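Everything below belongs to structure_1.csv, which stores CSV, C-alpha atoms and all ligand atoms.
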chain,number,residue,atom,x,y,z
A,118,MET,CA,0.0,0.0,0.0
A,119,PRO,CA,1.5,3.4,-1.0
A,120,CYS,CA,2.1,6.2,1.6
A,121,PRO,CA,0.0,9.3,1.2
A,122,ARG,CA,1.9,11.9,-1.0
A,123,GLY,CA,3.4,14.6,1.3
A,124,THR,CA,4.4,12.1,4.0
A,125,PRO,CA,7.6,13.7,5.4
A,126,PHE,CA,10.8,11.8,4.8
A,127,SER,CA,14.5,12.4,5.6
A,128,PHE,CA,17.8,10.9,4.9
A,129,GLU,CA,20.8,10.1,7.0
A,130,LEU,CA,24.3,9.8,5.4
A,131,TYR,CA,27.7,9.3,6.8
A,132,PRO,CA,30.7,11.3,5.6
A,133,PRO,CA,32.5,9.7,2.6
A,134,ARG,CA,34.7,6.7,3.7
A,135,ASN,CA,36.5,6.2,0.4
A,136,GLU,CA,37.6,8.0,-2.7
A,137,ALA,CA,34.6,6.8,-4.8
A,138,ALA,CA,32.1,8.1,-2.1
A,139,ALA,CA,34.0,11.4,-1.9
A,140,LYS,CA,33.9,11.9,-5.6
A,141,ALA,CA,30.2,11.0,-5.8
A,142,LEU,CA,29.2,13.2,-2.9
A,143,PRO,CA,28.2,16.4,-4.8
A,144,GLU,CA,25.9,14.5,-7.1
A,145,THR,CA,24.6,12.3,-4.3
A,146,LEU,CA,23.6,15.5,-2.4
A,147,GLN,CA,21.9,17.0,-5.4
A,148,ARG,CA,20.0,13.8,-6.2
A,149,LEU,CA,18.8,13.4,-2.6
A,150,ALA,CA,18.0,17.1,-2.3
A,151,ALA,CA,16.0,17.0,-5.6
A,152,VAL,CA,13.2,14.9,-4.0
A,153,GLY,CA,12.5,17.4,-1.3
A,154,PRO,CA,13.4,15.7,2.0
A,155,ASP,CA,12.5,17.3,5.3
A,156,PHE,CA,16.1,17.3,6.3
A,157,MET,CA,19.4,15.5,5.6
A,158,ALA,CA,21.3,14.2,8.7
A,159,VAL,CA,25.0,13.7,8.8
A,160,THR,CA,26.6,11.2,11.2
A,161,TYR,CA,29.5,12.1,13.5
A,162,GLY,CA,32.2,9.6,14.6
A,163,ALA,CA,32.4,8.9,18.3
A,164,GLY,CA,35.3,10.6,19.9
A,165,GLY,CA,35.4,13.2,17.1
A,166,SER,CA,36.9,10.7,14.7
A,167,SER,CA,35.0,12.2,11.7
A,168,HIS,CA,34.9,15.8,12.9
A,169,ALA,CA,36.4,17.4,9.8
A,170,SER,CA,34.6,15.3,7.3
A,171,SER,CA,31.2,15.5,9.0
A,172,LEU,CA,31.5,19.3,9.3
A,173,ASN,CA,32.5,19.4,5.6
A,174,VAL,CA,29.5,17.5,4.5
A,175,VAL,CA,27.2,19.6,6.7
A,176,LYS,CA,28.7,22.8,5.1
A,177,GLN,CA,28.2,21.4,1.6
A,178,ILE,CA,24.6,20.6,2.3
A,179,LEU,CA,24.1,24.2,3.6
A,180,SER,CA,25.9,25.8,0.7
A,181,ASP,CA,24.8,23.6,-2.2
A,182,THR,CA,21.2,22.7,-1.4
A,183,THR,CA,18.1,24.3,0.2
A,184,VAL,CA,17.5,21.3,2.4
A,185,PRO,CA,17.8,21.8,6.2
A,186,VAL,CA,20.7,19.9,7.6
A,187,MET,CA,20.8,17.9,10.9
A,188,ALA,CA,24.3,17.5,12.3
A,189,HIS,CA,24.8,14.5,14.6
A,190,LEU,CA,27.1,15.2,17.6
A,191,THR,CA,28.6,12.7,20.0
A,192,CYS,CA,30.1,13.3,23.5
A,193,ILE,CA,31.8,10.1,24.6
A,194,GLY,CA,35.5,10.6,25.5
A,195,SER,CA,35.2,14.4,25.2
A,196,SER,CA,36.0,16.9,27.9
A,197,HIS,CA,33.4,19.5,28.7
A,198,GLU,CA,35.6,22.1,26.9
A,199,GLU,CA,36.0,19.9,23.7
A,200,ALA,CA,32.3,19.2,23.5
A,201,GLY,CA,31.6,23.0,23.9
A,202,ARG,CA,34.1,23.8,21.1
A,203,MET,CA,32.5,21.2,18.8
A,204,ILE,CA,29.0,22.6,19.4
A,205,ARG,CA,30.2,26.2,18.8
A,206,GLU,CA,31.8,25.2,15.5
A,207,PHE,CA,28.6,23.6,14.2
A,208,LEU,CA,26.5,26.5,15.4
A,209,ALA,CA,28.9,29.0,13.7
A,210,ALA,CA,28.5,27.0,10.4
A,211,GLY,CA,24.8,27.8,10.5
A,212,VAL,CA,23.4,24.5,11.9
A,213,THR,CA,20.1,24.8,13.8
A,214,ARG,CA,19.2,21.1,13.9
A,215,PHE,CA,21.2,18.5,15.8
A,216,LEU,CA,21.0,14.9,16.7
A,217,ALA,CA,22.7,14.4,20.1
A,218,VAL,CA,23.9,10.9,20.8
A,219,ARG,CA,26.4,9.7,23.4
A,220,GLY,CA,28.4,7.5,21.0
A,221,ASP,CA,30.3,4.3,21.8
A,222,LEU,CA,33.9,3.7,22.8
A,223,PRO,CA,35.8,1.7,20.1
A,224,ALA,CA,35.2,-2.1,20.6
A,225,ASP,CA,38.9,-2.6,21.5
A,226,SER,CA,39.0,0.0,24.3
A,227,PRO,CA,40.4,-1.0,27.6
A,228,PRO,CA,37.9,-1.4,30.5
A,229,ASP,CA,39.2,1.7,32.2
A,230,ALA,CA,39.1,3.9,29.0
A,231,PRO,CA,38.0,7.4,30.0
A,232,LEU,CA,34.3,8.1,29.2
A,233,GLY,CA,34.7,11.9,29.1
A,234,ASP,CA,32.9,14.6,31.0
A,235,LEU,CA,29.4,14.1,29.5
A,236,HIS,CA,28.0,10.7,30.3
A,237,SER,CA,24.7,10.6,28.4
A,238,ALA,CA,23.0,12.1,25.4
A,239,ALA,CA,20.7,14.0,27.8
A,240,GLU,CA,23.7,16.0,29.1
A,241,LEU,CA,24.8,16.8,25.5
A,242,VAL,CA,21.3,18.1,24.7
A,243,GLN,CA,21.5,20.4,27.7
A,244,LEU,CA,24.9,21.7,26.7
A,245,ILE,CA,23.8,22.4,23.1
A,246,HIS,CA,20.8,24.5,24.4
A,247,ARG,CA,23.0,26.3,26.9
A,248,ILE,CA,25.6,27.3,24.3
A,249,GLN,CA,23.0,28.3,21.8
A,250,ALA,CA,21.4,30.6,24.5
A,251,GLU,CA,24.8,32.1,25.3
A,252,ARG,CA,25.6,32.8,21.6
A,253,GLU,CA,22.2,34.3,20.8
A,254,PRO,CA,20.3,35.4,23.9
A,255,TYR,CA,17.7,37.2,21.7
A,256,ARG,CA,17.0,38.0,18.1
A,257,GLU,CA,16.8,41.4,16.4
A,258,ILE,CA,13.8,41.7,14.1
A,259,PRO,CA,13.5,44.5,11.5
A,260,VAL,CA,10.7,47.0,12.1
A,261,PRO,CA,8.7,47.7,8.9
A,262,GLY,CA,8.9,51.4,7.9
A,263,LEU,CA,11.8,52.1,10.3
A,264,PRO,CA,14.9,51.0,8.5
A,265,ARG,CA,17.3,51.5,11.4
A,266,ALA,CA,15.0,50.2,14.1
A,267,ARG,CA,15.1,46.7,15.5
A,268,ALA,CA,12.7,44.9,17.8
A,269,VAL,CA,13.8,42.3,20.2
A,270,GLY,CA,12.4,38.9,19.4
A,271,ARG,CA,12.7,35.5,21.0
A,272,ARG,CA,15.9,33.7,20.0
A,273,GLU,CA,15.8,31.0,17.4
A,274,LYS,CA,15.4,27.7,19.1
A,275,VAL,CA,17.5,24.8,17.9
A,276,THR,CA,15.9,21.4,17.1
A,277,ILE,CA,17.6,18.7,19.0
A,278,ALA,CA,16.8,15.1,18.1
A,279,VAL,CA,17.9,12.1,20.1
A,280,GLY,CA,18.2,8.4,19.5
A,281,ALA,CA,15.4,6.0,20.6
A,282,PHE,CA,15.5,2.2,20.7
A,283,PRO,CA,12.3,0.3,19.9
A,284,ASN,CA,13.8,-3.0,20.9
A,285,GLY,CA,16.0,-1.6,23.7
A,286,HIS,CA,19.5,-0.3,23.7
A,287,PRO,CA,22.0,-3.2,23.8
A,288,SER,CA,23.3,-2.1,27.2
A,289,SER,CA,19.8,-1.4,28.7
A,290,ARG,CA,18.7,-3.5,31.6
A,291,SER,CA,15.0,-3.3,31.0
A,292,THR,CA,12.4,-1.7,28.7
A,293,THR,CA,11.5,0.7,31.5
A,294,GLN,CA,15.1,2.0,31.4
A,295,ASP,CA,14.8,2.8,27.7
A,296,ILE,CA,11.7,4.8,28.3
A,297,ASP,CA,13.2,6.5,31.4
A,298,THR,CA,16.2,7.5,29.2
A,299,LEU,CA,13.9,8.9,26.6
A,300,LEU,CA,12.1,10.9,29.3
A,301,ALA,CA,15.4,12.2,30.6
A,302,LYS,CA,16.3,13.4,27.0
A,303,GLN,CA,12.9,15.1,26.8
A,304,ALA,CA,13.4,16.8,30.1
A,305,SER,CA,16.8,18.0,28.9
A,306,GLY,CA,15.2,19.8,26.0
A,307,ALA,CA,15.1,17.3,23.1
A,308,ASN,CA,12.2,17.8,20.8
A,309,LEU,CA,12.4,14.9,18.4
A,310,ALA,CA,13.5,11.2,18.5
A,311,ILE,CA,14.8,9.1,15.7
A,312,THR,CA,14.8,5.4,16.2
A,313,GLN,CA,17.5,2.8,15.7
A,314,MET,CA,16.8,0.6,12.7
A,315,PHE,CA,14.3,-2.2,13.3
A,316,PHE,CA,12.5,-4.8,11.2
A,317,HIS,CA,8.9,-5.1,12.4
A,318,ALA,CA,6.3,-2.3,12.5
A,319,GLU,CA,4.7,-3.9,15.7
A,320,ASP,CA,8.0,-3.2,17.6
A,321,TYR,CA,7.8,0.5,16.8
A,322,PHE,CA,4.1,0.8,17.6
A,323,ALA,CA,4.5,-1.0,21.0
A,324,PHE,CA,7.5,1.3,21.8
A,325,VAL,CA,5.6,4.5,20.9
A,326,ASP,CA,2.6,3.3,23.0
A,327,ARG,CA,4.9,2.7,26.0
A,328,ALA,CA,6.6,6.1,25.5
A,329,ARG,CA,3.3,8.0,25.3
A,330,SER,CA,1.9,6.3,28.4
A,331,ALA,CA,5.1,7.4,30.3
A,332,GLY,CA,4.7,11.0,29.1
A,333,VAL,CA,7.0,11.3,26.1
A,334,THR,CA,5.3,13.9,23.8
A,335,PHE,CA,7.8,14.6,21.0
A,336,PRO,CA,7.5,12.9,17.6
A,337,ILE,CA,9.3,9.6,17.3
A,338,LEU,CA,10.5,9.2,13.7
A,339,PRO,CA,11.1,5.6,12.6
A,340,GLY,CA,14.5,4.9,11.1
A,341,ILE,CA,14.6,2.4,8.2
A,342,MET,CA,17.5,0.9,6.4
A,343,PRO,CA,17.0,-1.4,3.4
A,344,ALA,CA,18.8,-4.7,3.7
A,345,THR,CA,19.8,-5.5,0.1
A,346,THR,CA,22.5,-8.2,0.7
A,347,PRO,CA,23.2,-10.7,3.5
A,348,GLY,CA,26.3,-8.6,4.3
A,349,VAL,CA,24.2,-5.4,4.8
A,350,LEU,CA,21.8,-7.3,6.9
A,351,ARG,CA,24.6,-8.6,9.1
A,352,ARG,CA,26.0,-5.0,9.5
A,353,MET,CA,22.5,-3.8,10.5
A,354,LEU,CA,22.3,-6.5,13.1
A,355,GLU,CA,25.7,-5.5,14.5
A,356,LEU,CA,24.8,-1.8,14.5
A,357,SER,CA,21.4,-2.2,16.1
A,358,GLY,CA,21.7,-5.4,18.2
A,359,GLU,CA,18.4,-6.5,16.7
A,360,ASP,CA,17.5,-10.2,16.3
A,361,LEU,CA,17.8,-11.6,12.8
A,362,PRO,CA,14.5,-11.3,10.9
A,363,ALA,CA,14.3,-14.9,9.8
A,364,GLU,CA,12.1,-14.6,6.7
A,365,LEU,CA,14.2,-11.7,5.3
A,366,GLY,CA,17.5,-13.4,6.1
A,367,ILE,CA,16.4,-16.6,4.3
A,368,GLN,CA,15.1,-14.7,1.3
A,369,LEU,CA,18.4,-12.8,0.9
A,370,GLU,CA,20.5,-16.0,1.4
A,371,VAL,CA,18.6,-18.1,-1.3
A,372,GLU,CA,18.2,-15.4,-3.9
A,373,PRO,CA,21.0,-16.0,-6.5
A,374,THR,CA,21.2,-12.5,-8.2
A,375,ASP,CA,22.4,-9.1,-6.9
A,376,GLU,CA,19.4,-7.5,-8.6
A,377,GLY,CA,17.0,-10.0,-7.0
A,378,ARG,CA,18.5,-9.3,-3.5
A,379,ARG,CA,18.3,-5.6,-4.0
A,380,GLU,CA,14.6,-6.0,-5.0
A,381,ILE,CA,13.9,-8.0,-1.8
A,382,GLY,CA,15.5,-5.3,0.4
A,383,ILE,CA,13.7,-2.5,-1.3
A,384,ASP,CA,10.3,-4.3,-1.1
A,385,TYR,CA,10.8,-5.2,2.6
A,386,ALA,CA,11.7,-1.6,3.5
A,387,ALA,CA,8.9,-0.1,1.4
A,388,ARG,CA,6.3,-2.4,3.0
A,389,LEU,CA,7.6,-1.6,6.5
A,390,ALA,CA,7.5,2.2,5.7
A,391,SER,CA,4.0,2.0,4.4
A,392,ARG,CA,2.8,0.0,7.4
A,393,LEU,CA,4.4,2.5,9.8
A,394,VAL,CA,2.9,5.5,8.1
A,395,ALA,CA,-0.5,3.9,7.9
A,396,GLY,CA,-0.3,3.2,11.6
A,397,GLY,CA,0.5,6.8,12.5
A,398,ALA,CA,4.3,7.3,12.2
A,399,PRO,CA,5.0,11.0,11.6
A,400,GLY,CA,7.3,10.2,8.6
A,401,ILE,CA,10.2,8.0,7.5
A,402,HIS,CA,13.9,8.5,8.2
A,403,LEU,CA,16.0,6.5,5.7
A,404,TYR,CA,19.5,5.4,6.5
A,405,THR,CA,21.2,5.8,3.1
A,406,TYR,CA,24.7,4.8,4.2
A,407,GLY,CA,26.4,4.6,0.8
A,408,ARG,CA,23.2,3.6,-1.0
A,409,PRO,CA,21.4,6.7,-2.1
A,410,GLN,CA,19.9,5.0,-5.1
A,411,THR,CA,18.4,2.3,-3.0
A,412,ALA,CA,16.9,4.8,-0.6
A,413,LEU,CA,15.3,6.6,-3.5
A,414,ALA,CA,14.0,3.4,-4.8
A,415,VAL,CA,12.3,2.7,-1.5
A,416,LEU,CA,10.6,6.1,-1.6
A,417,GLU,CA,9.5,5.5,-5.2
A,418,ARG,CA,8.1,2.1,-4.2
A,419,CYS,CA,6.2,3.8,-1.3
A,420,GLY,CA,4.7,6.3,-3.9
A,421,LEU,CA,6.4,9.3,-2.3
A,422,ILE,CA,8.6,10.3,-5.3
A,423,ASP,CA,8.3,9.9,-9.1
A,424,GLN,CA,10.2,7.3,-11.0
A,425,GLN,CA,12.1,10.0,-13.0
A,426,HIS,CA,14.3,10.5,-9.9
A,427,LEU,CA,15.6,7.0,-10.3
A,428,THR,CA,16.5,6.9,-13.9
A,429,THR,CA,18.0,10.2,-15.0
A,430,SER,CA,21.6,9.4,-14.0
A,431,ASN,CA,24.1,6.6,-14.3
A,432,GLN,CA,25.2,7.2,-10.7
A,433,LYS,CA,25.4,4.0,-8.7
A,434,ASP,CA,25.4,3.1,-5.1
A,435,TYR,CA,29.0,3.0,-3.9
A,436,ALA,CA,28.9,0.7,-0.8
B,1,LIG,P1,22.2,7.5,26.0
B,1,LIG,O1,20.9,8.1,25.8
B,1,LIG,O2,23.1,8.4,26.8
B,1,LIG,O3,22.0,6.1,26.6
B,1,LIG,C1,22.9,5.0,26.5
B,1,LIG,C2,22.6,3.9,27.5
B,1,LIG,O4,22.8,4.4,28.8
B,1,LIG,C3,21.2,3.4,27.5
B,1,LIG,O5,21.3,2.0,27.8
B,1,LIG,C4,20.5,4.1,28.5
B,1,LIG,O6,19.4,3.3,29.0
B,1,LIG,C5,21.6,4.3,29.5
B,1,LIG,N1,21.4,5.5,30.2
B,1,LIG,C6,21.5,6.8,29.8
B,1,LIG,N2,21.2,7.7,30.7
B,1,LIG,C7,21.0,7.0,31.8
B,1,LIG,C8,20.7,7.4,33.1
B,1,LIG,N3,20.6,8.6,33.5
B,1,LIG,N4,20.5,6.4,34.0
B,1,LIG,C9,20.6,5.1,33.7
B,1,LIG,N5,20.9,4.7,32.5
B,1,LIG,C10,21.1,5.6,31.5
B,1,LIG,N6,26.7,6.9,17.1
B,1,LIG,C11,27.8,7.7,16.6
B,1,LIG,O7,28.9,7.4,17.1
B,1,LIG,N7,27.6,8.6,15.7
B,1,LIG,C12,26.3,8.9,15.2
B,1,LIG,O8,26.2,9.8,14.3
B,1,LIG,C13,25.2,8.1,15.7
B,1,LIG,N8,24.0,8.4,15.2
B,1,LIG,C14,22.9,7.7,15.7
B,1,LIG,C15,21.6,8.0,15.2
B,1,LIG,C16,20.5,7.3,15.8
B,1,LIG,C17,19.1,7.6,15.2
B,1,LIG,C18,20.7,6.3,16.8
B,1,LIG,C19,19.5,5.6,17.3
B,1,LIG,C20,22.0,6.0,17.2
B,1,LIG,C21,23.1,6.7,16.7
B,1,LIG,N9,24.4,6.4,17.1
B,1,LIG,C22,25.4,7.1,16.6
B,1,LIG,C23,24.6,5.3,18.1
B,1,LIG,C24,24.7,5.8,19.6
B,1,LIG,O9,25.8,6.6,19.8
B,1,LIG,C25,24.8,4.5,20.4
B,1,LIG,O10,23.6,3.7,20.3
B,1,LIG,C26,25.1,4.7,21.9
B,1,LIG,O11,25.4,3.5,22.5
B,1,LIG,C27,24.0,5.3,22.7
B,1,LIG,O12,23.7,6.6,22.4
B,1,LIG,P2,22.5,7.3,23.1
B,1,LIG,O13,22.5,8.7,22.6
B,1,LIG,O14,21.2,6.6,23.0
B,1,LIG,O15,23.0,7.3,24.7

I'd like the structure from this file rewritten - as structure tokens, please.
Ligand code: FAD
Amino acid sequence: MPCPRGTPFSFELYPPRNEAAAKALPETLQRLAAVGPDFMAVTYGAGGSSHASSLNVVKQILSDTTVPVMAHLTCIGSSHEEAGRMIREFLAAGVTRFLAVRGDLPADSPPDAPLGDLHSAAELVQLIHRIQAEREPYREIPVPGLPRARAVGRREKVTIAVGAFPNGHPSSRSTTQDIDTLLAKQASGANLAITQMFFHAEDYFAFVDRARSAGVTFPILPGIMPATTPGVLRRMLELSGEDLPAELGIQLEVEPTDEGRREIGIDYAARLASRLVAGGAPGIHLYTYGRPQTALAVLERCGLIDQQHLTTSNQKDYA
């Protein structure tokens, strides 16, 4: 079943990880921007590992497209001062939407590796709001008819999204803890949540019900990633800690052709997106991760964009 036209959608990309991706970036951004997403989000490596490249992509989106950008920021391993510097740099670049996540230490870190001064995403949300308030305590608004006069207006509020985990964060001890964490993020000033990738619409609906009953009021945007090969599916399970969706896993394993596997992944993601939207999800957030063409194909299958956006270029997915 197609999604109603006008259903909001957004993309998440990571900064280029190889030469092919870097070369393809300008065209990738143009092709994604051309379909009118609500925003494009750019990931940020934990510990600042992708600082320069993330900021670069953010600046390119701001200068080369009219699509609002959402900059991810992480805090693990950073001192208070380093986190503040990072936030100021992104604000100075013109970013007004953030996704604040804690980040993870590298898997091979020693058990006593320093966690940094900020221990949770909620603390990072607070710091972004505080720094934004210090930078711009109020806004000056032109007064019509009085060219030199300025009225004092309320300062522009930044949007701060946070991560949400429909099937629990891997280190969470209970489903209650996941909801409590989300409430803490809301209390810190977050105004949107984007979910970790998941495979079953029921998991999202049950999570949203629990969150609403506990008092979470901000929109919870479902994150979807198309699994187009067994390798991509494995990577998704690693990233999310989700259980293997057996039916999809088997279909991808037995299908002999690349094209057939791609079709299976696109179809699964499009059906999931349609069910989510039909059940009340406020939009769709697509993890593109090196596969912009696949993300566009999912949107086309959902009826949200026209086919012309898939066929006018010979640009390929590069991961
Ligand atoms: P937190 O909200 O701080 O929570 C982490 C864990 O600590 C949870 O188990 C929570 O229950 C527990 N916890 C937190 N606060 C408390 C408390 N006060 N008391 C008790 N327990 C608590 N990683 C990157 O490195 N870069 C990215 O760009 C990135 N983007 C992401 C985008 C999305 C949409 C999502 C869902 C995840 C993303 N991640 C990213 C991964 C994220 O960094 C990891 O999942 C990380 O382990 C948790 O981050 P968090 O912000 O949810 O942390």

Practice prompt. Please write out the residues within 8 Å of ligand LIG 1 (chain B) as a ChimeraX atom specification, counting only C-alpha atoms and all ligand atoms.
Written response: /A:131,159-164,189-191,216-221,236-240,279-282,285-290,294-299,301-302,310-314,340,356-357

Limited to C-alpha atoms, could you put the picked residues into a file as a short mmCIF file (atom, residue, chain, number, x, y, z; two decimals), in the frame of the given file?
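Generated file (part.cif):
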data_model
loop_
_atom_site.label_atom_id
_atom_site.label_comp_id
_atom_site.auth_asym_id
_atom_site.auth_seq_id
_atom_site.Cartn_x
_atom_site.Cartn_y
_atom_site.Cartn_z
CA TYR A 131 27.70 9.30 6.80
CA VAL A 159 25.00 13.70 8.80
CA THR A 160 26.60 11.20 11.20
CA TYR A 161 29.50 12.10 13.50
CA GLY A 162 32.20 9.60 14.60
CA ALA A 163 32.40 8.90 18.30
CA GLY A 164 35.30 10.60 19.90
CA HIS A 189 24.80 14.50 14.60
CA LEU A 190 27.10 15.20 17.60
CA THR A 191 28.60 12.70 20.00
CA LEU A 216 21.00 14.90 16.70
CA ALA A 217 22.70 14.40 20.10
CA VAL A 218 23.90 10.90 20.80
CA ARG A 219 26.40 9.70 23.40
CA GLY A 220 28.40 7.50 21.00
CA ASP A 221 30.30 4.30 21.80
CA HIS A 236 28.00 10.70 30.30
CA SER A 237 24.70 10.60 28.40
CA ALA A 238 23.00 12.10 25.40
CA ALA A 239 20.70 14.00 27.80
CA GLU A 240 23.70 16.00 29.10
CA VAL A 279 17.90 12.10 20.10
CA GLY A 280 18.20 8.40 19.50
CA ALA A 281 15.40 6.00 20.60
CA PHE A 282 15.50 2.20 20.70
CA GLY A 285 16.00 -1.60 23.70
CA HIS A 286 19.50 -0.30 23.70
CA PRO A 287 22.00 -3.20 23.80
CA SER A 288 23.30 -2.10 27.20
CA SER A 289 19.80 -1.40 28.70
CA ARG A 290 18.70 -3.50 31.60
CA GLN A 294 15.10 2.00 31.40
CA ASP A 295 14.80 2.80 27.70
CA ILE A 296 11.70 4.80 28.30
CA ASP A 297 13.20 6.50 31.40
CA THR A 298 16.20 7.50 29.20
CA LEU A 299 13.90 8.90 26.60
CA ALA A 301 15.40 12.20 30.60
CA LYS A 302 16.30 13.40 27.00
CA ALA A 310 13.50 11.20 18.50
CA ILE A 311 14.80 9.10 15.70
CA THR A 312 14.80 5.40 16.20
CA GLN A 313 17.50 2.80 15.70
CA MET A 314 16.80 0.60 12.70
CA GLY A 340 14.50 4.90 11.10
CA LEU A 356 24.80 -1.80 14.50
CA SER A 357 21.40 -2.20 16.10
#

Discussion item. So the first atom is CA of Leu130 (chain A) and the second is CA of Tyr406 (chain A); what is the distance between them in Å, to one decimal place?
Written reply: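 Those two atoms sit 5.2 Å apart.
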
Worksheet entry | Separation of CA of Arg122 (chain A) from CA of Glu319 (chain A), in Å and rounded to one decimal |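 Going from CA of Arg122 (chain A) over to CA of Glu319 (chain A) covers 23.2 Å.
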
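Going from CA of Ile277 (chain A) to CA of Leu208 (chain A) covers 12.4 Å.
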
Practice prompt. Would you list the contacts of Gly382 (chain A) as a PyMOL selection string, taking every protein, DNA or RNA residue within 9 Å and counting all atoms listed in the file, but skipping same-chain residues closer than 5 positions in sequence?
Written response: chain A and resi 342-346+365+369+377+387+411+415

Item to complete: Within 7 Å of Ser127 (chain A), counting all atoms listed in the file, which residues show up once you throw out same-chain ones fewer than 6 positions away? Write them as an NGL selection string, please.
Response: :A and (154-157 or 401-403)

Worksheet entry | Nearest residue to Ile245 (chain A) from the set A:Ala200, A:Ala304, A:Ala268, A:Ala323 (distances using only C-alpha atoms) |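 Residue with the minimum atom-to-atom distance to Ile245 (chain A): A:Ala200.
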
Item to complete: May I ask which of the residues A:Pro185, A:Gly233, A:Gly306, A:Gly194 is the closest one to Val212 (chain A), counting all atoms listed in the file?
Response: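 The closest residue to Val212 (chain A) is A:Pro185.
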
Item to complete: Extract, using only C-alpha atoms, all DNA, RNA and protein residues at most 12 Å from Pro254 (chain A), discarding same-chain residues fewer than 3 positions from it, and format them as a list of chain:residue names.
Response: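 Answer for this query is A:His246, A:Arg247, A:Ile248, A:Gln249, A:Ala250, A:Glu251, A:Glu257, A:Val269, A:Gly270, A:Arg271, A:Arg272, A:Glu273, A:Lys274.
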
Worksheet entry | Distance criterion (all atoms listed in the file): nearest to Leu232 (chain A) out of A:His197, A:Lys176, A:Arg214, A:Arg392 |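 Result for the nearest residue to Leu232 (chain A): A:His197.
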
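Remark: for Gly201 (chain A), the closest of the candidate residues A:Glu417, A:Val242, A:Pro347, A:Leu427 is A:Val242 (distances computed over all atoms listed in the file).
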
Discussion item. Restricting the calculation to all atoms listed in the file: of A:Gly165, A:Leu222, A:Leu300, A:Ala307, which residue gets closest to Ser330 (chain A)?
Written reply: A:Leu300

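The smallest atom-to-atom distance between Thr145 (chain A) and any of A:Arg267, A:Arg408, A:Arg252, A:Arg205, using only C-alpha atoms, is found for A:Arg408.
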
Practice prompt. Determine, counting all atoms listed in the file, which protein, DNA and RNA residues have an atom within 12 Å of an atom of region 180-184 of chain A; residues of the same chain fewer than 3 positions away are not included. Present the result as a ChimeraX atom specification.
Written response: /A:126-128,142-158,173-177,187,210-212,214
